[in-house]
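Report on the following structure.
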Amino acid sequence: QVGAIPPLGYFDPLGFLTGRDENGYLKMRESELKHGRVAMIASLGLVAQHFLRLPGFESAPDGLGALRSSNCDTGLLGFAIFSGIMELVWRSDERWAPHTLAFLFGPDLYTIDLRNKELSNGRFAMISVLGIFVAELVSGKTAVEQIGL
């Protein structure tokens with residue numbers, strides 16, 4: 001089964017899959033993939049925002065402080081619109097893994113090994129982003145400041 005990988009194997013400590021049928025399982029897996037992908041981008045963004053700025057956001061503070069800036073509303077609105085469009089337009093295709101670009105490259109690219117790696121990296125990124133947020137709230141330092149740069 002994709003995602004049941006060592007050292008934990010099948011891992012559902014909160015029982016989200018208890019009593020779900022196959023469609024419920026596939027919906028949860030699709031959600032896990034989406035959340036993992038967002039977390040991978042977020043972890044990159046929490047570090048990259050220290051070095052790179054989008055036009056119009058040069059004065060926004062790093063890390064969670066950006067949520068309190070005046071530019072936050074504009075950025076969140078743009079992100080919400082983009083996310084909404086992607087959710088409406090991008091649909092799963094039963095022949096491919098959910099929400100992937102595998103159809104552009106062929107089914108041989110998105111192997112079970114690659115799918116396991118994506119799930120592992122997504123799970124790690126979700127924990128990492130949570131850790132970065134908690135550390136910033138406790139220490140008052142952004143992700144880059146915490147590593148001394």
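Lettering and numbering for the structure tokens are positional, with chains as A, B, ... in the shown order, residues counted from 1 in each chain, and ligands counted from 1 in the shown order.
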
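Every protein or nucleic acid residue with an atom no more than 12 Å from Leu149 (chain A), counting only C-alpha atoms and leaving out same-chain residues fewer than 3 positions away, appears here: Val47, His50, Phe51, Lys141, Thr142, Ala143, Val144, Glu145 and Gln146 of chain A.
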
>> At a cut-off of 9 Å, using only C-alpha atoms, what residues contact Lys117 (chain A)? Leave out same-chain residues fewer than 5 positions from it and give the result as a ChimeraX atom specification.
In response: /A:3,112,122

Just C-alpha atoms for this one: save the residues we selected as a PDB file, in the first residue's frame.
ATOM      1  CA  GLY A   3       2.220   5.436   2.111  1.00  0.00           C
ATOM      2  CA  ILE A 112       5.227   3.640  -6.151  1.00  0.00           C
ATOM      3  CA  GLY A 122       5.032  15.989   2.637  1.00  0.00           C
TER       4      GLY A 122
END

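Between Glu32 (chain A) and the residues A:Ala80, A:Leu88, A:Ala125, A:Leu109, the shortest atom-to-atom distance, using only C-alpha atoms, involves A:Ala125.
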
> Could you pull out the helix (DSSP H, G or I) residues of chain A from DSSP and send them as an MDAnalysis selection string?
Replying inline: chainID A and resid 22:48 63:68 72:89 102:105 112:139 143:146

>> Give me, as a list in words, all polymer residues having an atom no more than 9 Å from Val129 (chain A), counting only C-alpha atoms and skipping those fewer than 6 positions away in the same chain.
In response: Ala39, Met40, Ala42, Ser43 and Leu46 of chain A

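With only C-alpha atoms as the atoms that count, the minimum distance from Arg123 (chain A) to the choices A:Leu137, A:Ile41, A:Leu33, A:Leu52 is reached by A:Leu33.
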
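Remark: for Leu54 (chain A), the closest of the candidate residues A:Asn71, A:Ser128, A:Asn116, A:Ser139 is A:Asn71 (distances computed over only C-alpha atoms).
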
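The residue that comes closest to Ala4 (chain A), out of A:Ile132, A:Thr18, A:Cys72, A:Arg29 and on the basis of only C-alpha atoms, is A:Arg29.
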
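With only C-alpha atoms as the atoms that count, the minimum distance from Leu119 (chain A) to the choices A:Val2, A:Leu17, A:Met86, A:Ala66 is reached by A:Val2.
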